[in-house]
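The file input-v2.cif contains mmCIF, C-alpha atoms, pLDDT in the B column; chains and numbers go by the auth columns:
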```
data_query
#
loop_
_atom_site.group_PDB
_atom_site.id
_atom_site.type_symbol
_atom_site.label_atom_id
_atom_site.label_comp_id
_atom_site.label_asym_id
_atom_site.label_seq_id
_atom_site.Cartn_x
_atom_site.Cartn_y
_atom_site.Cartn_z
_atom_site.B_iso_or_equiv
_atom_site.auth_seq_id
_atom_site.auth_asym_id
ATOM 1 C CA ASN A 1 5.431 -9.419 -4.121 60.00 172 A
ATOM 2 C CA ALA A 2 6.169 -12.674 -2.345 70.00 173 A
ATOM 3 C CA GLY A 3 3.309 -15.113 -2.225 91.00 174 A
ATOM 4 C CA VAL A 4 1.458 -17.868 -4.017 94.00 175 A
ATOM 5 C CA THR A 5 0.637 -17.297 -7.678 95.00 176 A
ATOM 6 C CA GLN A 6 -2.064 -19.263 -9.450 95.00 177 A
ATOM 7 C CA THR A 7 -2.752 -19.300 -13.173 95.00 178 A
ATOM 8 C CA PRO A 8 -5.104 -19.048 -14.924 96.00 179 A
ATOM 9 C CA LYS A 9 -7.699 -17.111 -12.899 94.00 180 A
ATOM 10 C CA PHE A 10 -10.585 -18.388 -15.016 95.00 181 A
ATOM 11 C CA GLN A 11 -10.934 -21.391 -17.317 96.00 182 A
ATOM 12 C CA VAL A 12 -13.731 -23.065 -19.215 97.00 183 A
ATOM 13 C CA LEU A 13 -13.212 -26.655 -20.346 97.00 184 A
ATOM 14 C CA LYS A 14 -15.273 -29.119 -22.283 97.00 185 A
ATOM 15 C CA THR A 15 -15.986 -32.496 -20.746 98.00 186 A
ATOM 16 C CA GLY A 16 -13.093 -34.843 -21.437 97.00 187 A
ATOM 17 C CA GLN A 17 -10.474 -32.170 -21.966 97.00 188 A
ATOM 18 C CA SER A 18 -7.336 -32.114 -19.862 96.00 189 A
ATOM 19 C CA MET A 19 -5.553 -29.141 -18.415 96.00 190 A
ATOM 20 C CA THR A 20 -3.019 -28.081 -15.806 97.00 191 A
ATOM 21 C CA LEU A 21 -3.600 -25.497 -13.115 98.00 192 A
ATOM 22 C CA GLN A 22 -0.379 -23.791 -12.208 98.00 193 A
ATOM 23 C CA CYS A 23 0.788 -22.866 -8.715 98.00 194 A
ATOM 24 C CA ALA A 24 4.082 -21.208 -7.846 97.00 195 A
ATOM 25 C CA GLN A 25 5.460 -19.774 -4.613 96.00 196 A
ATOM 26 C CA ASP A 26 8.599 -17.767 -4.034 95.00 197 A
ATOM 27 C CA MET A 27 8.849 -18.145 -0.260 92.00 198 A
ATOM 28 C CA ASN A 28 10.878 -21.368 -0.292 92.00 199 A
ATOM 29 C CA HIS A 29 8.046 -23.190 1.487 92.00 200 A
ATOM 30 C CA GLU A 30 8.394 -26.938 1.633 92.00 201 A
ATOM 31 C CA TYR A 31 4.683 -27.658 2.066 92.00 202 A
ATOM 32 C CA MET A 32 2.225 -27.010 -0.762 94.00 203 A
ATOM 33 C CA SER A 33 -1.330 -28.157 -1.271 94.00 204 A
ATOM 34 C CA TRP A 34 -4.388 -27.934 -3.522 96.00 205 A
ATOM 35 C CA TYR A 35 -8.002 -27.427 -2.416 95.00 206 A
ATOM 36 C CA ARG A 36 -11.309 -27.127 -4.135 96.00 207 A
ATOM 37 C CA GLN A 37 -14.054 -24.869 -2.829 93.00 208 A
ATOM 38 C CA ASP A 38 -17.683 -25.754 -3.410 92.00 209 A
ATOM 39 C CA PRO A 39 -20.749 -23.973 -1.975 84.00 210 A
ATOM 40 C CA GLY A 40 -21.654 -25.153 1.520 80.00 211 A
ATOM 41 C CA MET A 41 -18.671 -27.501 1.720 81.00 212 A
ATOM 42 C CA GLY A 42 -15.797 -25.243 2.689 82.00 213 A
ATOM 43 C CA LEU A 43 -12.471 -26.174 1.128 88.00 214 A
ATOM 44 C CA ARG A 44 -11.480 -29.774 0.647 92.00 215 A
ATOM 45 C CA LEU A 45 -7.928 -31.031 0.259 92.00 216 A
ATOM 46 C CA ILE A 46 -7.113 -32.638 -3.107 96.00 217 A
ATOM 47 C CA HIS A 47 -3.372 -33.336 -2.924 96.00 218 A
ATOM 48 C CA TYR A 48 -0.451 -32.059 -0.928 94.00 219 A
ATOM 49 C CA SER A 49 3.339 -32.150 -0.936 94.00 220 A
ATOM 50 C CA VAL A 50 5.817 -31.855 1.912 91.00 221 A
ATOM 51 C CA GLY A 51 8.784 -31.268 -0.376 92.00 222 A
ATOM 52 C CA ALA A 52 10.168 -31.725 -3.862 94.00 223 A
ATOM 53 C CA GLY A 53 9.568 -35.253 -5.089 95.00 224 A
ATOM 54 C CA ILE A 54 7.017 -36.051 -2.351 95.00 225 A
ATOM 55 C CA THR A 55 3.262 -35.936 -2.863 96.00 226 A
ATOM 56 C CA ASP A 56 0.262 -37.513 -1.156 94.00 227 A
ATOM 57 C CA GLN A 57 -3.490 -37.670 -1.513 94.00 228 A
ATOM 58 C CA GLY A 58 -5.972 -35.588 0.359 91.00 229 A
ATOM 59 C CA GLU A 59 -9.702 -35.978 0.837 89.00 230 A
ATOM 60 C CA VAL A 60 -10.836 -35.773 -2.805 95.00 231 A
ATOM 61 C CA PRO A 61 -7.956 -36.882 -5.086 96.00 232 A
ATOM 62 C CA ASN A 62 -9.868 -38.746 -7.794 96.00 233 A
ATOM 63 C CA GLY A 63 -9.533 -37.205 -11.246 96.00 234 A
ATOM 64 C CA TYR A 64 -6.494 -35.134 -10.316 97.00 235 A
ATOM 65 C CA ASN A 65 -2.743 -35.673 -10.571 97.00 236 A
ATOM 66 C CA VAL A 66 0.111 -33.707 -9.083 98.00 237 A
ATOM 67 C CA SER A 67 3.893 -33.691 -9.182 96.00 238 A
ATOM 68 C CA ARG A 68 6.521 -31.667 -7.360 97.00 239 A
ATOM 69 C CA SER A 69 9.744 -31.473 -9.303 97.00 240 A
ATOM 70 C CA THR A 70 10.863 -28.197 -7.694 96.00 241 A
ATOM 71 C CA THR A 71 10.241 -26.469 -4.371 95.00 242 A
ATOM 72 C CA GLU A 72 8.592 -23.539 -6.149 96.00 243 A
ATOM 73 C CA ASP A 73 6.008 -25.248 -8.350 97.00 244 A
ATOM 74 C CA PHE A 74 3.095 -27.575 -7.650 98.00 245 A
ATOM 75 C CA PRO A 75 0.881 -28.026 -10.733 98.00 246 A
ATOM 76 C CA LEU A 76 -2.509 -29.738 -10.580 98.00 247 A
ATOM 77 C CA ARG A 77 -3.543 -31.777 -13.614 98.00 248 A
ATOM 78 C CA LEU A 78 -7.073 -32.647 -14.551 96.00 249 A
ATOM 79 C CA LEU A 79 -6.815 -35.796 -16.635 92.00 250 A
ATOM 80 C CA SER A 80 -10.281 -35.841 -18.216 96.00 251 A
ATOM 81 C CA ALA A 81 -12.454 -32.983 -17.029 96.00 252 A
ATOM 82 C CA ALA A 82 -15.968 -33.697 -15.767 97.00 253 A
ATOM 83 C CA PRO A 83 -18.777 -31.287 -14.835 97.00 254 A
ATOM 84 C CA SER A 84 -18.344 -32.408 -11.207 96.00 255 A
ATOM 85 C CA GLN A 85 -14.941 -30.742 -11.265 97.00 256 A
ATOM 86 C CA THR A 86 -16.501 -27.324 -11.760 97.00 257 A
ATOM 87 C CA SER A 87 -15.207 -25.474 -8.723 97.00 258 A
ATOM 88 C CA VAL A 88 -12.841 -22.828 -7.446 95.00 259 A
ATOM 89 C CA TYR A 89 -9.357 -24.202 -6.858 97.00 260 A
ATOM 90 C CA PHE A 90 -6.924 -22.809 -4.331 95.00 261 A
ATOM 91 C CA CYS A 91 -3.265 -23.533 -3.885 96.00 262 A
ATOM 92 C CA ALA A 92 -1.611 -22.954 -0.513 94.00 263 A
ATOM 93 C CA SER A 93 1.874 -23.173 0.905 94.00 264 A
ATOM 94 C CA ARG A 94 3.210 -23.271 4.428 90.00 265 A
ATOM 95 C CA GLU A 95 6.493 -22.486 6.101 82.00 266 A
ATOM 96 C CA GLY A 96 7.805 -25.170 8.378 73.00 267 A
ATOM 97 C CA GLN A 97 5.596 -27.096 10.776 69.00 268 A
ATOM 98 C CA GLY A 98 1.833 -27.214 11.036 63.00 269 A
ATOM 99 C CA PHE A 99 1.428 -24.395 13.504 70.00 270 A
ATOM 100 C CA TYR A 100 2.554 -21.818 10.984 72.00 271 A
ATOM 101 C CA GLY A 101 -0.100 -20.130 8.939 79.00 272 A
ATOM 102 C CA TYR A 102 -0.867 -21.102 5.383 88.00 273 A
ATOM 103 C CA THR A 103 -0.523 -18.688 2.461 91.00 274 A
ATOM 104 C CA PHE A 104 -3.228 -19.062 -0.178 92.00 275 A
ATOM 105 C CA GLY A 105 -3.271 -18.104 -3.811 93.00 276 A
ATOM 106 C CA SER A 106 -6.129 -16.050 -5.249 91.00 277 A
ATOM 107 C CA GLY A 107 -7.791 -19.053 -6.844 93.00 278 A
ATOM 108 C CA THR A 108 -8.705 -20.463 -10.247 95.00 279 A
ATOM 109 C CA ARG A 109 -12.380 -20.601 -11.188 95.00 280 A
ATOM 110 C CA LEU A 110 -12.914 -23.640 -13.413 97.00 281 A
ATOM 111 C CA THR A 111 -16.086 -24.421 -15.301 97.00 282 A
ATOM 112 C CA VAL A 112 -16.509 -27.741 -17.095 97.00 283 A
ATOM 113 C CA VAL A 113 -19.326 -27.821 -19.642 97.00 284 A
ATOM 114 C CA ALA B 1 -13.307 -38.483 13.480 76.00 582 B
ATOM 115 C CA GLN B 2 -11.470 -35.202 13.436 85.00 583 B
ATOM 116 C CA SER B 3 -13.683 -32.364 12.304 91.00 584 B
ATOM 117 C CA VAL B 4 -14.264 -28.632 12.397 94.00 585 B
ATOM 118 C CA THR B 5 -17.805 -27.308 12.656 95.00 586 B
ATOM 119 C CA GLN B 6 -19.083 -23.817 12.046 96.00 587 B
ATOM 120 C CA PRO B 7 -22.731 -23.942 13.131 96.00 588 B
ATOM 121 C CA ASP B 8 -23.769 -20.639 11.566 95.00 589 B
ATOM 122 C CA ILE B 9 -23.953 -20.542 7.781 94.00 590 B
ATOM 123 C CA HIS B 10 -24.909 -16.875 7.604 96.00 591 B
ATOM 124 C CA ILE B 11 -24.850 -14.076 10.173 97.00 592 B
ATOM 125 C CA THR B 12 -26.120 -10.511 9.772 97.00 593 B
ATOM 126 C CA VAL B 13 -24.812 -7.788 12.060 97.00 594 B
ATOM 127 C CA SER B 14 -25.352 -4.047 12.178 97.00 595 B
ATOM 128 C CA GLU B 15 -22.319 -1.870 11.589 97.00 596 B
ATOM 129 C CA GLY B 16 -20.765 -0.952 14.933 97.00 597 B
ATOM 130 C CA ALA B 17 -22.242 -3.957 16.719 98.00 598 B
ATOM 131 C CA SER B 18 -20.197 -6.741 18.261 98.00 599 B
ATOM 132 C CA LEU B 19 -19.584 -10.022 16.484 97.00 600 B
ATOM 133 C CA GLU B 20 -18.992 -13.598 17.531 98.00 601 B
ATOM 134 C CA LEU B 21 -18.506 -16.418 15.028 98.00 602 B
ATOM 135 C CA ARG B 22 -18.589 -19.913 16.403 98.00 603 B
ATOM 136 C CA CYS B 23 -16.170 -22.752 15.719 97.00 604 B
ATOM 137 C CA ASN B 24 -16.125 -26.175 17.344 96.00 605 B
ATOM 138 C CA TYR B 25 -13.678 -28.983 16.777 94.00 606 B
ATOM 139 C CA SER B 26 -13.587 -32.673 17.427 91.00 607 B
ATOM 140 C CA TYR B 27 -10.150 -34.022 18.319 87.00 608 B
ATOM 141 C CA GLY B 28 -8.532 -35.929 21.165 81.00 609 B
ATOM 142 C CA ALA B 29 -5.809 -33.364 21.795 82.00 610 B
ATOM 143 C CA THR B 30 -5.261 -29.653 21.292 80.00 611 B
ATOM 144 C CA PRO B 31 -5.258 -28.958 17.575 86.00 612 B
ATOM 145 C CA TYR B 32 -3.618 -26.167 15.645 90.00 613 B
ATOM 146 C CA LEU B 33 -6.493 -23.775 14.957 93.00 614 B
ATOM 147 C CA PHE B 34 -6.773 -20.947 12.467 94.00 615 B
ATOM 148 C CA TRP B 35 -9.297 -18.355 11.374 97.00 616 B
ATOM 149 C CA TYR B 36 -9.168 -17.109 7.796 96.00 617 B
ATOM 150 C CA VAL B 37 -11.245 -14.515 5.978 96.00 618 B
ATOM 151 C CA GLN B 38 -12.223 -14.621 2.313 93.00 619 B
ATOM 152 C CA SER B 39 -13.513 -11.454 0.679 90.00 620 B
ATOM 153 C CA PRO B 40 -15.685 -11.900 -2.418 83.00 621 B
ATOM 154 C CA GLY B 41 -13.673 -13.198 -5.350 78.00 622 B
ATOM 155 C CA GLN B 42 -10.488 -13.235 -3.325 81.00 623 B
ATOM 156 C CA GLY B 43 -8.170 -15.740 -1.734 84.00 624 B
ATOM 157 C CA LEU B 44 -7.972 -16.478 1.973 91.00 625 B
ATOM 158 C CA GLN B 45 -6.177 -14.267 4.468 93.00 626 B
ATOM 159 C CA LEU B 46 -4.991 -15.421 7.886 93.00 627 B
ATOM 160 C CA LEU B 47 -6.651 -13.551 10.765 96.00 628 B
ATOM 161 C CA LEU B 48 -5.121 -15.424 13.691 95.00 629 B
ATOM 162 C CA LYS B 49 -3.927 -18.811 14.908 93.00 630 B
ATOM 163 C CA TYR B 50 -3.576 -20.834 18.083 92.00 631 B
ATOM 164 C CA PHE B 51 -1.592 -23.878 19.058 86.00 632 B
ATOM 165 C CA SER B 52 -0.596 -23.357 22.690 85.00 633 B
ATOM 166 C CA GLY B 53 -0.123 -20.761 25.402 87.00 634 B
ATOM 167 C CA ASP B 54 -2.464 -17.878 26.117 90.00 635 B
ATOM 168 C CA THR B 55 -5.968 -18.959 25.180 92.00 636 B
ATOM 169 C CA LEU B 56 -6.974 -15.458 24.044 96.00 637 B
ATOM 170 C CA VAL B 57 -5.359 -14.746 20.702 96.00 638 B
ATOM 171 C CA GLN B 58 -5.171 -11.369 19.039 97.00 639 B
ATOM 172 C CA GLY B 59 -5.239 -11.113 15.281 96.00 640 B
ATOM 173 C CA ILE B 60 -5.286 -8.587 12.500 95.00 641 B
ATOM 174 C CA LYS B 61 -8.103 -6.135 11.733 95.00 642 B
ATOM 175 C CA GLY B 62 -9.177 -5.984 15.388 97.00 643 B
ATOM 176 C CA PHE B 63 -10.214 -9.632 15.635 98.00 644 B
ATOM 177 C CA GLU B 64 -9.563 -11.937 18.564 98.00 645 B
ATOM 178 C CA ALA B 65 -10.393 -15.542 19.328 98.00 646 B
ATOM 179 C CA GLU B 66 -10.600 -17.541 22.517 97.00 647 B
ATOM 180 C CA PHE B 67 -9.665 -21.199 22.783 95.00 648 B
ATOM 181 C CA LYS B 68 -11.808 -23.106 25.275 95.00 649 B
ATOM 182 C CA ARG B 69 -10.707 -26.682 25.755 92.00 650 B
ATOM 183 C CA SER B 70 -13.712 -27.577 27.920 93.00 651 B
ATOM 184 C CA GLN B 71 -16.075 -26.567 25.120 94.00 652 B
ATOM 185 C CA SER B 72 -13.855 -27.655 22.200 94.00 653 B
ATOM 186 C CA SER B 73 -14.352 -24.186 20.776 96.00 654 B
ATOM 187 C CA PHE B 74 -12.358 -21.438 19.142 97.00 655 B
ATOM 188 C CA ASN B 75 -14.800 -18.577 18.624 98.00 656 B
ATOM 189 C CA LEU B 76 -13.862 -15.449 16.719 98.00 657 B
ATOM 190 C CA ARG B 77 -14.889 -12.062 18.098 98.00 658 B
ATOM 191 C CA LYS B 78 -14.757 -8.402 17.205 98.00 659 B
ATOM 192 C CA PRO B 79 -16.115 -5.655 19.466 97.00 660 B
ATOM 193 C CA SER B 80 -17.317 -3.355 16.669 97.00 661 B
ATOM 194 C CA VAL B 81 -17.707 -4.443 13.050 97.00 662 B
ATOM 195 C CA HIS B 82 -17.112 -2.279 10.017 96.00 663 B
ATOM 196 C CA TRP B 83 -18.777 -2.585 6.616 95.00 664 B
ATOM 197 C CA SER B 84 -15.456 -3.847 5.237 94.00 665 B
ATOM 198 C CA ASP B 85 -15.704 -6.912 7.486 96.00 666 B
ATOM 199 C CA ALA B 86 -18.403 -8.371 5.241 96.00 667 B
ATOM 200 C CA ALA B 87 -16.859 -11.596 3.961 97.00 668 B
ATOM 201 C CA GLU B 88 -16.812 -15.320 4.515 95.00 669 B
ATOM 202 C CA TYR B 89 -14.937 -16.631 7.537 97.00 670 B
ATOM 203 C CA PHE B 90 -13.382 -20.057 7.831 95.00 671 B
ATOM 204 C CA CYS B 91 -12.186 -21.921 10.896 96.00 672 B
ATOM 205 C CA LEU B 92 -9.575 -24.576 10.110 92.00 673 B
ATOM 206 C CA SER B 93 -7.269 -27.079 11.736 89.00 674 B
ATOM 207 C CA ASN B 94 -4.636 -29.535 10.608 82.00 675 B
ATOM 208 C CA PHE B 95 -5.031 -31.624 13.765 77.00 676 B
ATOM 209 C CA GLY B 96 -1.259 -32.024 13.992 70.00 677 B
ATOM 210 C CA ASN B 97 -0.919 -33.669 10.572 74.00 678 B
ATOM 211 C CA GLU B 98 -0.512 -32.457 7.019 73.00 679 B
ATOM 212 C CA LYS B 99 -4.180 -32.486 6.059 77.00 680 B
ATOM 213 C CA LEU B 100 -5.871 -29.148 6.639 82.00 681 B
ATOM 214 C CA THR B 101 -9.534 -29.498 7.573 88.00 682 B
ATOM 215 C CA PHE B 102 -11.906 -26.612 6.960 90.00 683 B
ATOM 216 C CA GLY B 103 -15.185 -25.710 8.526 93.00 684 B
ATOM 217 C CA THR B 104 -17.932 -24.981 6.014 92.00 685 B
ATOM 218 C CA GLY B 105 -17.633 -21.245 6.550 94.00 686 B
ATOM 219 C CA THR B 106 -19.808 -18.453 7.929 96.00 687 B
ATOM 220 C CA ARG B 107 -20.906 -15.676 5.626 96.00 688 B
ATOM 221 C CA LEU B 108 -21.049 -12.317 7.397 97.00 689 B
ATOM 222 C CA THR B 109 -23.337 -9.568 6.162 97.00 690 B
ATOM 223 C CA ILE B 110 -23.099 -6.058 7.599 97.00 691 B
ATOM 224 C CA ILE B 111 -26.143 -3.790 7.528 96.00 692 B
ATOM 225 C CA PRO B 112 -25.889 -0.002 7.903 91.00 693 B
#
```

Starting from the file, lay out its structure as C-alpha cells.
Amino acid sequence: NAGVTQTPKFQVLKTGQSMTLQCAQDMNHEYMSWYRQDPGMGLRLIHYSVGAGITDQGEVPNGYNVSRSTTEDFPLRLLSAAPSQTSVYFCASREGQGFYGYTFGSGTRLTVV
Amino acid sequence: AQSVTQPDIHITVSEGASLELRCNYSYGATPYLFWYVQSPGQGLQLLLKYFSGDTLVQGIKGFEAEFKRSQSSFNLRKPSVHWSDAAEYFCLSNFGNEKLTFGTGTRLTIIP
C-alpha cells in the first residue's frame, strides 16, 4: 500500500548511543518532515525537507540530524541519545503545496534510558 | 506569533450525542487549516482541510468543520458520535509556510 513507512516501531536506547530512524514514502512527495509527540505538547517539528538535497530546521532540531539524498527517504539521526529524547516520532510527507493534506507514518516509540 | 490553540484537553460525550471540538488560530491572514484524528497507538489520519472557499467543510467519517474568520476559529463537529470516534483530535496549520504547527490535541472519550 502507498504511504509513509517508518522503522522501527519501537526502540530502546542507552544514553549516549546513536541511531537512525527510517522514513520512506512511495508517493513521490517532495515535502517530508519529522515530528516528535510528547504528552500535552501536540507534535513539534524537528526537521523538514522540500526536496532531495534540501533540508531545514524546525522548532526542536537540537540533537537530531537529517539528510535527503533521494525523494523517497528521509532518515532522522540521533547523534547521542538523551532521556529528553524519549518520545514518539512521526514522519510525514506532503504532495505539492501547503494546502494539500499531510500523510503520516505510524510512528516510532523511542525510549532512552 | 502564529499559533493554534485547542482549549479543551479532554472531552467526554455520550454515544449518539453531538460533538464540537474547538480550535482557534492566531495569524494575520487566512491559514491552511486541518483536522487530524489519532487513534490509540496509531498514526494521524486527515479528517478534513480548509484553505479557501465555502467555510463549511465536509470530511470523512461524518465530520464537518466551519471556518469563522471573525472568531479565528475552525471548530470540528459531528451530529452523532459513535464509540469508534474515541481518539485524540488535532487541529493544525502551516500558516502558508513549510512549518506545520499543531494544537496540543483534544482527547475524546465516548461513554455508552

Step by step, work through what the PyMOL selection byres ((chain A) within 7 of (chain B)) selects in the shown file, and finish by giving those residues as JSON, numbers by chain. {"A": [211, 212, 213, 214, 216, 229, 269, 270, 272, 275, 276, 277, 278]}

Please compute the atom CA of A:Ser238-atom CA of A:Thr279 distance, one decimal, in Å.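 Spanning atom CA of A:Ser238 to atom CA of A:Thr279 is a straight-line distance of 18.3 Å.
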
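Taking only C-alpha atoms into account, A:Asp197 lies nearest to A:Thr176 out of the set A:Thr282, A:Ser251, A:Thr176, A:Ser240.
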
Nearest to A:Val231 by atom-to-atom distance, counting all atoms listed in the file, from A:Phe181, A:Trp205, A:Tyr273, A:Phe245: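 Of A:Phe181, A:Trp205, A:Tyr273, A:Phe245, the one nearest A:Val231, counting all atoms listed in the file, is A:Trp205.
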
If I wrap all listed atoms of stretch 258-265 of chain A in a box with edges along x, y and z and add 8 Å on each side, what are its centre and edge lengths in Å to one decimal, as JSON?
```
{"center_x": -6.0, "center_y": -24.1, "center_z": -2.1, "size_x": 34.4, "size_y": 18.7, "size_z": 29.2}
```

On this file, the PyMOL selection byres ((chain B and resi 668) around 8) gives some set of residues; write that set as a PyMOL selection string. chain B and resi 618-621+665-667+669-670+688-690

Show me, as a PyMOL selection string, the residues that have an atom within 12 Å of B:Ser653 when counting all atoms listed in the file, minus same-chain residues fewer than 4 positions from it. chain B and resi 583-586+603-612+614+647-649

Convert the output of the PyMOL selection byres ((chain B and resi 595) around 6) on the shown file into explicit residues, formatted as a ChimeraX atom specification. /B:594,596,598,691-693

Could you write those residues out with C-alpha atoms, as a compact mmCIF listing (two decimals), keeping the file's coordinate frame?
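Writing done, so here's selection_5.txt:
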```txt
# COMPACT_ATOMS: atom_id res chain seq x y z
CA VAL B 594 -24.81 -7.79 12.06
CA GLU B 596 -22.32 -1.87 11.59
CA ALA B 598 -22.24 -3.96 16.72
CA ILE B 691 -23.10 -6.06 7.60
CA ILE B 692 -26.14 -3.79 7.53
CA PRO B 693 -25.89 0.00 7.90
```

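Atom CA of B:Phe655 is positioned 13.8 Å from atom CA of B:Gly634.
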
Using only C-alpha atoms, which protein or nucleic acid residues come within 9 Å of A:Gln256? Drop anything in the same chain fewer than 6 positions from it, and give the result as a ChimeraX atom specification. /A:207,234,249,281-283

Between atom CA of A:Ser189 and atom CA of A:Gln177 lies a distance of 17.4 Å
